[in-house]
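Shown below: entry.txt, with compact mmCIF, N, CA and C atoms.
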```
# COMPACT_ATOMS: atom_id res chain seq x y z
N MET A 1 -29.15 22.31 -40.16
CA MET A 1 -28.71 22.77 -38.87
C MET A 1 -27.66 21.82 -38.32
N LYS A 2 -26.64 22.40 -37.73
CA LYS A 2 -25.56 21.60 -37.18
C LYS A 2 -25.87 21.29 -35.72
N LYS A 3 -25.68 20.04 -35.37
CA LYS A 3 -25.93 19.60 -34.01
C LYS A 3 -24.69 19.86 -33.16
N SER A 4 -24.85 20.50 -32.01
CA SER A 4 -23.70 20.73 -31.13
C SER A 4 -23.58 19.55 -30.17
N THR A 5 -22.37 19.08 -30.05
CA THR A 5 -22.14 17.94 -29.15
C THR A 5 -21.36 18.42 -27.95
N THR A 6 -21.73 17.93 -26.81
CA THR A 6 -20.99 18.24 -25.59
C THR A 6 -20.14 17.04 -25.23
N THR A 7 -18.93 17.31 -24.84
CA THR A 7 -18.07 16.21 -24.45
C THR A 7 -18.33 15.86 -22.99
N LYS A 8 -18.55 14.60 -22.76
CA LYS A 8 -18.79 14.12 -21.41
C LYS A 8 -17.48 13.56 -20.87
N THR A 9 -17.23 13.80 -19.62
CA THR A 9 -16.02 13.26 -19.00
C THR A 9 -16.42 12.21 -17.97
N VAL A 10 -15.59 11.21 -17.87
CA VAL A 10 -15.85 10.11 -16.95
C VAL A 10 -15.38 10.49 -15.56
N VAL A 11 -16.23 10.22 -14.59
CA VAL A 11 -15.87 10.40 -13.18
C VAL A 11 -15.64 9.00 -12.61
N VAL A 12 -14.38 8.72 -12.27
CA VAL A 12 -14.03 7.38 -11.76
C VAL A 12 -14.28 7.35 -10.26
N LEU A 13 -15.04 6.37 -9.82
CA LEU A 13 -15.32 6.19 -8.39
C LEU A 13 -14.36 5.19 -7.76
N ALA A 14 -14.00 4.15 -8.50
CA ALA A 14 -13.11 3.14 -7.94
C ALA A 14 -12.42 2.39 -9.08
N ARG A 15 -11.26 1.84 -8.76
CA ARG A 15 -10.51 1.01 -9.71
C ARG A 15 -10.24 -0.31 -9.01
N ILE A 16 -10.59 -1.41 -9.66
CA ILE A 16 -10.41 -2.73 -9.08
C ILE A 16 -9.49 -3.53 -10.00
N GLN A 17 -8.39 -4.03 -9.43
CA GLN A 17 -7.48 -4.87 -10.19
C GLN A 17 -7.51 -6.26 -9.55
N PHE A 18 -7.68 -7.27 -10.37
CA PHE A 18 -7.81 -8.63 -9.86
C PHE A 18 -6.43 -9.17 -9.49
N LYS A 19 -6.33 -9.77 -8.31
CA LYS A 19 -5.05 -10.34 -7.87
C LYS A 19 -4.70 -11.59 -8.65
N SER A 20 -5.69 -12.35 -9.03
CA SER A 20 -5.43 -13.60 -9.75
C SER A 20 -4.87 -13.34 -11.15
N ASP A 21 -5.29 -12.23 -11.78
CA ASP A 21 -4.78 -11.86 -13.10
C ASP A 21 -4.73 -10.33 -13.15
N PRO A 22 -3.55 -9.72 -12.95
CA PRO A 22 -3.47 -8.26 -12.90
C PRO A 22 -3.78 -7.58 -14.23
N ARG A 23 -3.94 -8.34 -15.31
CA ARG A 23 -4.32 -7.73 -16.59
C ARG A 23 -5.80 -7.36 -16.60
N LYS A 24 -6.59 -7.96 -15.70
CA LYS A 24 -8.02 -7.67 -15.60
C LYS A 24 -8.23 -6.50 -14.64
N VAL A 25 -8.86 -5.44 -15.15
CA VAL A 25 -9.11 -4.24 -14.35
C VAL A 25 -10.54 -3.80 -14.62
N CYS A 26 -11.25 -3.39 -13.57
CA CYS A 26 -12.59 -2.84 -13.72
C CYS A 26 -12.64 -1.47 -13.04
N TYR A 27 -13.32 -0.56 -13.70
CA TYR A 27 -13.52 0.79 -13.16
C TYR A 27 -14.99 0.96 -12.85
N LEU A 28 -15.27 1.53 -11.69
CA LEU A 28 -16.62 1.92 -11.34
C LEU A 28 -16.73 3.40 -11.67
N VAL A 29 -17.60 3.76 -12.61
CA VAL A 29 -17.70 5.14 -13.08
C VAL A 29 -19.11 5.66 -12.85
N ARG A 30 -19.21 6.98 -12.72
CA ARG A 30 -20.50 7.63 -12.53
C ARG A 30 -21.07 7.99 -13.90
N SER A 31 -22.37 7.88 -14.05
CA SER A 31 -23.01 8.20 -15.32
C SER A 31 -23.10 9.72 -15.49
N SER A 32 -23.50 10.14 -16.67
CA SER A 32 -23.58 11.57 -16.96
C SER A 32 -24.72 12.24 -16.20
N ASN A 33 -25.73 11.48 -15.76
CA ASN A 33 -26.81 12.09 -14.99
C ASN A 33 -26.43 12.27 -13.51
N GLY A 34 -25.29 11.70 -13.10
CA GLY A 34 -24.80 11.88 -11.74
C GLY A 34 -25.41 10.95 -10.72
N VAL A 35 -26.30 10.08 -11.13
CA VAL A 35 -26.98 9.20 -10.20
C VAL A 35 -26.54 7.75 -10.38
N ASP A 36 -26.57 7.29 -11.62
CA ASP A 36 -26.27 5.89 -11.91
C ASP A 36 -24.77 5.62 -11.89
N GLN A 37 -24.44 4.35 -11.68
CA GLN A 37 -23.05 3.92 -11.72
C GLN A 37 -22.93 2.76 -12.70
N TYR A 38 -21.83 2.78 -13.47
CA TYR A 38 -21.58 1.72 -14.43
C TYR A 38 -20.22 1.11 -14.17
N THR A 39 -20.08 -0.14 -14.59
CA THR A 39 -18.81 -0.84 -14.46
C THR A 39 -18.22 -1.01 -15.86
N THR A 40 -17.00 -0.49 -16.03
CA THR A 40 -16.29 -0.63 -17.30
C THR A 40 -15.09 -1.52 -17.05
N CYS A 41 -14.98 -2.62 -17.79
CA CYS A 41 -13.91 -3.59 -17.57
C CYS A 41 -12.91 -3.55 -18.72
N LEU A 42 -11.65 -3.76 -18.36
CA LEU A 42 -10.57 -3.79 -19.34
C LEU A 42 -9.79 -5.08 -19.17
N PHE A 43 -9.24 -5.54 -20.27
CA PHE A 43 -8.33 -6.67 -20.22
C PHE A 43 -7.09 -6.28 -20.99
N ASP A 44 -5.98 -6.26 -20.31
CA ASP A 44 -4.68 -5.91 -20.89
C ASP A 44 -4.72 -4.52 -21.53
N GLY A 45 -5.43 -3.59 -20.89
CA GLY A 45 -5.47 -2.20 -21.34
C GLY A 45 -6.54 -1.88 -22.35
N PHE A 46 -7.32 -2.85 -22.79
CA PHE A 46 -8.36 -2.61 -23.79
C PHE A 46 -9.72 -2.90 -23.17
N ALA A 47 -10.68 -1.99 -23.42
CA ALA A 47 -12.02 -2.12 -22.86
C ALA A 47 -12.73 -3.31 -23.49
N THR A 48 -13.29 -4.15 -22.62
CA THR A 48 -14.01 -5.33 -23.09
C THR A 48 -15.50 -5.23 -22.85
N GLY A 49 -15.91 -4.33 -21.97
CA GLY A 49 -17.34 -4.22 -21.70
C GLY A 49 -17.66 -3.07 -20.80
N CYS A 50 -18.91 -2.65 -20.89
CA CYS A 50 -19.42 -1.58 -20.02
C CYS A 50 -20.87 -1.90 -19.72
N SER A 51 -21.31 -1.59 -18.52
CA SER A 51 -22.68 -1.92 -18.13
C SER A 51 -23.66 -0.79 -18.46
N CYS A 52 -23.23 0.22 -19.20
CA CYS A 52 -24.13 1.31 -19.57
C CYS A 52 -25.08 0.85 -20.68
N PRO A 53 -26.18 1.57 -20.90
CA PRO A 53 -27.16 1.13 -21.91
C PRO A 53 -26.81 1.53 -23.35
N ALA A 54 -25.58 1.95 -23.62
CA ALA A 54 -25.21 2.34 -24.99
C ALA A 54 -25.32 1.14 -25.92
N THR A 55 -25.82 1.37 -27.11
CA THR A 55 -26.06 0.28 -28.05
C THR A 55 -24.96 0.15 -29.09
N ASN A 56 -24.13 1.18 -29.24
CA ASN A 56 -23.13 1.12 -30.30
C ASN A 56 -21.89 0.32 -29.93
N GLY A 57 -21.76 -0.09 -28.69
CA GLY A 57 -20.63 -0.92 -28.28
C GLY A 57 -19.37 -0.15 -27.95
N LYS A 58 -19.32 1.13 -28.29
CA LYS A 58 -18.12 1.92 -27.98
C LYS A 58 -18.58 3.21 -27.31
N CYS A 59 -19.01 3.11 -26.07
CA CYS A 59 -19.49 4.28 -25.34
C CYS A 59 -18.31 5.14 -24.89
N TYR A 60 -18.61 6.34 -24.44
CA TYR A 60 -17.55 7.24 -24.00
C TYR A 60 -16.88 6.74 -22.73
N HIS A 61 -17.56 5.90 -21.95
CA HIS A 61 -16.92 5.33 -20.76
C HIS A 61 -15.73 4.47 -21.16
N ARG A 62 -15.95 3.61 -22.15
CA ARG A 62 -14.90 2.68 -22.58
C ARG A 62 -13.71 3.45 -23.16
N CYS A 63 -13.98 4.44 -24.02
CA CYS A 63 -12.90 5.22 -24.65
C CYS A 63 -12.06 5.94 -23.61
N GLN A 64 -12.72 6.63 -22.69
CA GLN A 64 -11.99 7.44 -21.71
C GLN A 64 -11.29 6.59 -20.66
N VAL A 65 -11.89 5.47 -20.28
CA VAL A 65 -11.25 4.60 -19.30
C VAL A 65 -10.02 3.93 -19.90
N GLU A 66 -10.08 3.58 -21.19
CA GLU A 66 -8.89 3.05 -21.86
C GLU A 66 -7.75 4.08 -21.82
N ALA A 67 -8.07 5.34 -22.11
CA ALA A 67 -7.06 6.39 -22.08
C ALA A 67 -6.50 6.58 -20.67
N LEU A 68 -7.38 6.53 -19.66
CA LEU A 68 -6.92 6.66 -18.27
C LEU A 68 -5.97 5.53 -17.89
N GLU A 69 -6.32 4.31 -18.30
CA GLU A 69 -5.49 3.16 -17.95
C GLU A 69 -4.14 3.22 -18.66
N GLN A 70 -4.12 3.66 -19.92
CA GLN A 70 -2.85 3.81 -20.63
C GLN A 70 -1.97 4.85 -19.95
N GLU A 71 -2.57 5.97 -19.54
CA GLU A 71 -1.80 7.01 -18.85
C GLU A 71 -1.27 6.49 -17.51
N ARG A 72 -2.10 5.72 -16.81
CA ARG A 72 -1.69 5.18 -15.52
C ARG A 72 -0.52 4.21 -15.67
N THR A 73 -0.57 3.33 -16.65
CA THR A 73 0.53 2.38 -16.84
C THR A 73 1.79 3.10 -17.30
N ARG A 74 1.64 4.14 -18.11
CA ARG A 74 2.80 4.93 -18.53
C ARG A 74 3.45 5.62 -17.33
N ASN A 75 2.64 6.21 -16.46
CA ASN A 75 3.17 6.88 -15.26
C ASN A 75 3.81 5.88 -14.31
N ALA A 76 3.23 4.69 -14.20
CA ALA A 76 3.79 3.66 -13.31
C ALA A 76 5.15 3.20 -13.83
N ALA A 77 5.28 3.03 -15.15
CA ALA A 77 6.56 2.61 -15.72
C ALA A 77 7.62 3.69 -15.54
N GLN A 78 7.21 4.94 -15.69
CA GLN A 78 8.14 6.05 -15.50
C GLN A 78 8.60 6.13 -14.05
N ALA A 79 7.69 5.97 -13.12
CA ALA A 79 8.04 6.01 -11.70
C ALA A 79 8.96 4.86 -11.34
N LYS A 80 8.73 3.69 -11.96
CA LYS A 80 9.57 2.53 -11.68
C LYS A 80 11.00 2.78 -12.15
N THR A 81 11.17 3.38 -13.31
CA THR A 81 12.52 3.67 -13.79
C THR A 81 13.19 4.74 -12.94
N GLU A 82 12.42 5.71 -12.46
CA GLU A 82 12.99 6.73 -11.59
C GLU A 82 13.44 6.12 -10.26
N LEU A 83 12.65 5.22 -9.72
CA LEU A 83 13.03 4.56 -8.47
C LEU A 83 14.26 3.68 -8.65
N ALA A 84 14.36 3.05 -9.80
CA ALA A 84 15.51 2.18 -10.06
C ALA A 84 16.80 2.97 -10.16
N SER A 85 16.71 4.24 -10.55
CA SER A 85 17.91 5.06 -10.70
C SER A 85 18.43 5.60 -9.37
N ILE A 86 17.62 5.54 -8.31
CA ILE A 86 18.05 6.05 -7.00
C ILE A 86 18.95 5.00 -6.34
N PRO A 87 20.17 5.39 -5.95
CA PRO A 87 21.05 4.41 -5.31
C PRO A 87 20.58 4.11 -3.89
N LEU A 88 20.63 2.86 -3.51
CA LEU A 88 20.21 2.44 -2.19
C LEU A 88 21.41 2.45 -1.25
N THR A 89 21.23 3.00 -0.08
CA THR A 89 22.29 3.02 0.93
C THR A 89 21.80 2.25 2.14
N PRO A 90 22.71 1.54 2.82
CA PRO A 90 22.27 0.81 4.02
C PRO A 90 21.90 1.79 5.13
N VAL A 91 20.75 1.57 5.71
CA VAL A 91 20.26 2.45 6.76
C VAL A 91 20.71 1.97 8.13
N VAL A 92 20.68 0.68 8.35
CA VAL A 92 21.04 0.11 9.64
C VAL A 92 22.41 -0.54 9.52
N LYS A 93 23.29 -0.22 10.45
CA LYS A 93 24.62 -0.83 10.44
C LYS A 93 24.49 -2.32 10.78
N ALA A 94 25.48 -3.08 10.37
CA ALA A 94 25.41 -4.54 10.49
C ALA A 94 25.29 -4.99 11.95
N HIS A 95 26.08 -4.41 12.87
CA HIS A 95 26.02 -4.86 14.26
C HIS A 95 24.69 -4.46 14.90
N ALA A 96 24.14 -3.30 14.53
CA ALA A 96 22.85 -2.89 15.06
C ALA A 96 21.75 -3.81 14.54
N PHE A 97 21.88 -4.22 13.28
CA PHE A 97 20.90 -5.13 12.70
C PHE A 97 20.94 -6.48 13.39
N ALA A 98 22.13 -6.97 13.70
CA ALA A 98 22.25 -8.25 14.39
C ALA A 98 21.62 -8.17 15.78
N GLU A 99 21.81 -7.04 16.46
CA GLU A 99 21.21 -6.87 17.79
C GLU A 99 19.69 -6.82 17.70
N LEU A 100 19.17 -6.11 16.70
CA LEU A 100 17.72 -6.05 16.51
C LEU A 100 17.15 -7.42 16.17
N LYS A 101 17.87 -8.15 15.32
CA LYS A 101 17.41 -9.47 14.94
C LYS A 101 17.36 -10.40 16.14
N LYS A 102 18.39 -10.30 17.01
CA LYS A 102 18.43 -11.14 18.21
C LYS A 102 17.28 -10.77 19.15
N GLN A 103 17.00 -9.46 19.24
CA GLN A 103 15.96 -9.00 20.16
C GLN A 103 14.57 -9.43 19.69
N TYR A 104 14.33 -9.43 18.39
CA TYR A 104 13.00 -9.73 17.88
C TYR A 104 12.90 -11.09 17.20
N ASP A 105 13.85 -11.95 17.42
CA ASP A 105 13.82 -13.26 16.80
C ASP A 105 12.73 -14.11 17.46
N CYS A 106 11.77 -14.53 16.69
CA CYS A 106 10.64 -15.30 17.21
C CYS A 106 11.01 -16.75 17.48
N ARG A 107 12.07 -17.21 16.84
CA ARG A 107 12.44 -18.62 16.98
C ARG A 107 13.24 -18.87 18.25
N GLN A 108 13.57 -17.82 19.00
CA GLN A 108 14.34 -17.98 20.23
C GLN A 108 13.50 -18.72 21.27
N ASN A 109 14.17 -19.51 22.09
CA ASN A 109 13.50 -20.26 23.14
C ASN A 109 12.80 -19.30 24.09
N PRO A 110 11.52 -19.51 24.42
CA PRO A 110 10.80 -18.58 25.29
C PRO A 110 11.43 -18.43 26.67
N SER A 111 11.97 -19.50 27.23
CA SER A 111 12.57 -19.39 28.56
C SER A 111 13.84 -18.53 28.50
N THR A 112 14.60 -18.64 27.42
CA THR A 112 15.80 -17.81 27.26
C THR A 112 15.39 -16.35 27.10
N ARG A 113 14.33 -16.12 26.37
CA ARG A 113 13.83 -14.76 26.20
C ARG A 113 13.37 -14.17 27.52
N ALA A 114 12.68 -14.96 28.32
CA ALA A 114 12.21 -14.49 29.62
C ALA A 114 13.39 -14.17 30.53
N THR A 115 14.42 -15.01 30.51
CA THR A 115 15.61 -14.77 31.32
C THR A 115 16.28 -13.48 30.89
N ASP A 116 16.39 -13.26 29.59
CA ASP A 116 16.98 -12.02 29.08
C ASP A 116 16.18 -10.81 29.53
N MET A 117 14.85 -10.93 29.52
CA MET A 117 14.01 -9.81 29.94
C MET A 117 14.20 -9.52 31.43
N VAL A 118 14.33 -10.55 32.25
CA VAL A 118 14.54 -10.36 33.69
C VAL A 118 15.89 -9.68 33.93
N LEU A 119 16.92 -10.11 33.22
CA LEU A 119 18.24 -9.50 33.38
C LEU A 119 18.24 -8.04 32.94
N GLN A 120 17.54 -7.73 31.87
CA GLN A 120 17.46 -6.34 31.41
C GLN A 120 16.72 -5.48 32.41
N SER A 121 15.65 -6.00 32.99
CA SER A 121 14.91 -5.22 33.98
C SER A 121 15.74 -5.01 35.24
N ALA A 122 16.55 -5.99 35.63
CA ALA A 122 17.42 -5.82 36.79
C ALA A 122 18.45 -4.73 36.53
N LYS A 123 19.00 -4.68 35.32
CA LYS A 123 19.96 -3.63 34.98
C LYS A 123 19.31 -2.26 35.01
N ARG A 124 18.08 -2.18 34.49
CA ARG A 124 17.36 -0.90 34.52
C ARG A 124 17.08 -0.47 35.94
N ARG A 125 16.72 -1.43 36.80
CA ARG A 125 16.42 -1.11 38.20
C ARG A 125 17.65 -0.57 38.91
N GLN A 126 18.81 -1.16 38.65
CA GLN A 126 20.05 -0.71 39.28
C GLN A 126 20.46 0.68 38.80
N SER A 127 20.15 0.98 37.53
CA SER A 127 20.57 2.28 37.00
C SER A 127 19.52 3.36 37.21
N ALA A 128 18.41 3.04 37.87
CA ALA A 128 17.37 4.03 38.12
C ALA A 128 17.88 5.08 39.10
N PRO A 129 17.42 6.32 39.01
CA PRO A 129 17.94 7.39 39.86
C PRO A 129 17.65 7.20 41.35
N LEU A 130 16.60 6.51 41.74
CA LEU A 130 16.26 6.33 43.15
C LEU A 130 16.83 5.05 43.74
N ALA A 131 17.59 4.31 42.96
CA ALA A 131 18.06 3.02 43.43
C ALA A 131 19.20 3.13 44.43
N GLY A 132 19.88 4.24 44.52
CA GLY A 132 21.01 4.36 45.43
C GLY A 132 22.26 3.78 44.82
N ALA A 133 23.34 3.83 45.54
CA ALA A 133 24.62 3.38 45.01
C ALA A 133 24.65 1.87 44.85
N SER A 134 24.47 1.12 45.95
CA SER A 134 24.55 -0.32 45.82
C SER A 134 23.46 -1.03 46.61
N ARG A 135 22.52 -0.30 47.16
CA ARG A 135 21.49 -0.94 47.95
C ARG A 135 20.13 -0.75 47.30
N GLY A 136 19.22 -1.67 47.57
CA GLY A 136 17.86 -1.59 47.05
C GLY A 136 17.01 -0.68 47.90
N PHE A 137 15.75 -0.55 47.58
CA PHE A 137 14.82 0.29 48.30
C PHE A 137 14.50 -0.33 49.66
N SER A 138 14.43 0.53 50.69
CA SER A 138 14.10 0.05 52.02
C SER A 138 13.36 1.16 52.76
N LEU A 139 12.30 0.77 53.51
CA LEU A 139 11.58 1.75 54.32
C LEU A 139 12.32 2.02 55.62
N MET A 140 13.01 1.03 56.15
CA MET A 140 13.75 1.18 57.40
C MET A 140 15.20 1.53 57.07
N ARG A 141 15.81 2.36 57.92
CA ARG A 141 17.22 2.68 57.70
C ARG A 141 18.07 1.76 58.41
```
How does the structure come out when it is put into structure tokens?
Amino acid sequence: MKKSTTTKTVVVLARIQFKSDPRKVCYLVRSSNGVDQYTTCLFDGFATGCSCPATNGKCYHRCQVEALEQERTRNAAQAKTELASIPLTPVVKAHAFAELKKQYDCRQNPSTRATDMVLQSAKRRQSAPLAGASRGFSLMR
């Protein structure tokens, strides 16, 4: 009698990439019973371990996670080349950039910044619609 085998697919719950060494990646995967979770780790795209109880050393988690990681790195490389081919155009004109830099420069003296803010508010007050031609607000005529 021939034994029928069912192919199990890995359900990835999370992907963790280590900042200290980006070649180290771990996947948190769901088991085939839908309850347990296993950790499958890769180093430089090759599976180095899995926390599942498989005894043969090459469980389906390791095989499928290796394939997923290879596809992911292939897609990332393709996207990187596509982004590199897009020409970059300046969005902000040079004089507008200089004005923005001056406005948000943190190294500017705080008293100078406060004086600039007071002058800007005075200009806004004068240009307000209720300010009148050249006189300020007054209750008495």
- Query: Using all atoms listed in the file, which residues sit within 8 Å of Gly49 (chain A) once same-chain residues fewer than 6 positions away are excluded, as a ChimeraX atom specification?
  - Reply: /A:39-43,57,61-62
- Item | Distance in Å - CA of Ser85 (chain A) versus CA of Asp21 (chain A) |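 Spanning CA of Ser85 (chain A) to CA of Asp21 (chain A) is a straight-line distance of 28.4 Å.
Of note, CA of Ala77 (chain A) and atom C of Thr7 (chain A) are spaced 29.1 Å apart.
Of note, CA of Phe46 (chain A) and CA of Gln78 (chain A) are spaced 20.4 Å apart.
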- Exercise: residues within 7 Å of coordinate (-16.4, 10.8, -18.2), counting all atoms listed in the file, as a list in words: Lys8, Thr9, Val10, Val11, Val12, Arg30, Tyr60, His61 and Gln64 of chain A
- Task: Mind listing whatever residues come within 7 Å of the point (-15.7, 2.5, -9.1)? Use only C-alpha atoms, file coordinates, and give them as a PyMOL selection string.
- Result: chain A and resi 12-15+27-29
Residue selection dump (N, CA and C atoms) as a PDB file, keeping the file's coordinate frame:
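File again_21.pdb, as written:
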```
ATOM      1  N   VAL A  12     -14.380   8.720 -12.270  1.00  0.00           N
ATOM      2  CA  VAL A  12     -14.030   7.380 -11.760  1.00  0.00           C
ATOM      3  C   VAL A  12     -14.280   7.350 -10.260  1.00  0.00           C
ATOM      4  N   LEU A  13     -15.040   6.370  -9.820  1.00  0.00           N
ATOM      5  CA  LEU A  13     -15.320   6.190  -8.390  1.00  0.00           C
ATOM      6  C   LEU A  13     -14.360   5.190  -7.760  1.00  0.00           C
ATOM      7  N   ALA A  14     -14.000   4.150  -8.500  1.00  0.00           N
ATOM      8  CA  ALA A  14     -13.110   3.140  -7.940  1.00  0.00           C
ATOM      9  C   ALA A  14     -12.420   2.390  -9.080  1.00  0.00           C
ATOM     10  N   ARG A  15     -11.260   1.840  -8.760  1.00  0.00           N
ATOM     11  CA  ARG A  15     -10.510   1.010  -9.710  1.00  0.00           C
ATOM     12  C   ARG A  15     -10.240  -0.310  -9.010  1.00  0.00           C
ATOM     13  N   TYR A  27     -13.320  -0.560 -13.700  1.00  0.00           N
ATOM     14  CA  TYR A  27     -13.520   0.790 -13.160  1.00  0.00           C
ATOM     15  C   TYR A  27     -14.990   0.960 -12.850  1.00  0.00           C
ATOM     16  N   LEU A  28     -15.270   1.530 -11.690  1.00  0.00           N
ATOM     17  CA  LEU A  28     -16.620   1.920 -11.340  1.00  0.00           C
ATOM     18  C   LEU A  28     -16.730   3.400 -11.670  1.00  0.00           C
ATOM     19  N   VAL A  29     -17.600   3.760 -12.610  1.00  0.00           N
ATOM     20  CA  VAL A  29     -17.700   5.140 -13.080  1.00  0.00           C
ATOM     21  C   VAL A  29     -19.110   5.660 -12.850  1.00  0.00           C
TER      22      VAL A  29
END
```
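Each of A:Lys19, A:Arg124, A:Arg74, A:Lys58 was compared to Gly45 (chain A) using only C-alpha atoms, and A:Arg74 turns out to be the nearest.
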Hey, could you patch up region 111-124 of chain A with N, CA, C and O atoms and hand it over as a JSON list (two decimals), in the frame of the given file?
```
[["chain", "number", "residue", "atom", "x", "y", "z"],
["A", 111, "SER", "N", 11.97, -19.50, 27.23],
["A", 111, "SER", "CA", 12.57, -19.39, 28.56],
["A", 111, "SER", "C", 13.84, -18.53, 28.50],
["A", 111, "SER", "O", 14.12, -17.76, 29.42],
["A", 112, "THR", "N", 14.60, -18.64, 27.42],
["A", 112, "THR", "CA", 15.80, -17.81, 27.26],
["A", 112, "THR", "C", 15.39, -16.35, 27.10],
["A", 112, "THR", "O", 16.02, -15.46, 27.67],
["A", 113, "ARG", "N", 14.33, -16.12, 26.37],
["A", 113, "ARG", "CA", 13.83, -14.76, 26.20],
["A", 113, "ARG", "C", 13.37, -14.17, 27.52],
["A", 113, "ARG", "O", 13.64, -13.02, 27.83],
["A", 114, "ALA", "N", 12.68, -14.96, 28.32],
["A", 114, "ALA", "CA", 12.21, -14.49, 29.62],
["A", 114, "ALA", "C", 13.39, -14.17, 30.53],
["A", 114, "ALA", "O", 13.39, -13.16, 31.25],
["A", 115, "THR", "N", 14.42, -15.01, 30.51],
["A", 115, "THR", "CA", 15.61, -14.77, 31.32],
["A", 115, "THR", "C", 16.28, -13.48, 30.89],
["A", 115, "THR", "O", 16.70, -12.67, 31.73],
["A", 116, "ASP", "N", 16.39, -13.26, 29.59],
["A", 116, "ASP", "CA", 16.98, -12.02, 29.08],
["A", 116, "ASP", "C", 16.18, -10.81, 29.53],
["A", 116, "ASP", "O", 16.75, -9.78, 29.91],
["A", 117, "MET", "N", 14.85, -10.93, 29.52],
["A", 117, "MET", "CA", 14.01, -9.81, 29.94],
["A", 117, "MET", "C", 14.20, -9.52, 31.43],
["A", 117, "MET", "O", 14.24, -8.36, 31.85],
["A", 118, "VAL", "N", 14.33, -10.55, 32.25],
["A", 118, "VAL", "CA", 14.54, -10.36, 33.69],
["A", 118, "VAL", "C", 15.89, -9.68, 33.93],
["A", 118, "VAL", "O", 16.00, -8.76, 34.75],
["A", 119, "LEU", "N", 16.92, -10.11, 33.22],
["A", 119, "LEU", "CA", 18.24, -9.50, 33.38],
["A", 119, "LEU", "C", 18.24, -8.04, 32.94],
["A", 119, "LEU", "O", 18.84, -7.19, 33.60],
["A", 120, "GLN", "N", 17.54, -7.73, 31.87],
["A", 120, "GLN", "CA", 17.46, -6.34, 31.41],
["A", 120, "GLN", "C", 16.72, -5.48, 32.41],
["A", 120, "GLN", "O", 17.11, -4.34, 32.68],
["A", 121, "SER", "N", 15.65, -6.00, 32.99],
["A", 121, "SER", "CA", 14.91, -5.22, 33.98],
["A", 121, "SER", "C", 15.74, -5.01, 35.24],
["A", 121, "SER", "O", 15.66, -3.95, 35.88],
["A", 122, "ALA", "N", 16.55, -5.99, 35.63],
["A", 122, "ALA", "CA", 17.42, -5.82, 36.79],
["A", 122, "ALA", "C", 18.45, -4.73, 36.53],
["A", 122, "ALA", "O", 18.74, -3.91, 37.41],
["A", 123, "LYS", "N", 19.00, -4.68, 35.32],
["A", 123, "LYS", "CA", 19.96, -3.63, 34.98],
["A", 123, "LYS", "C", 19.31, -2.26, 35.01],
["A", 123, "LYS", "O", 19.88, -1.29, 35.51],
["A", 124, "ARG", "N", 18.08, -2.18, 34.49],
["A", 124, "ARG", "CA", 17.36, -0.90, 34.52],
["A", 124, "ARG", "C", 17.08, -0.47, 35.94],
["A", 124, "ARG", "O", 17.16, 0.71, 36.28]]
```
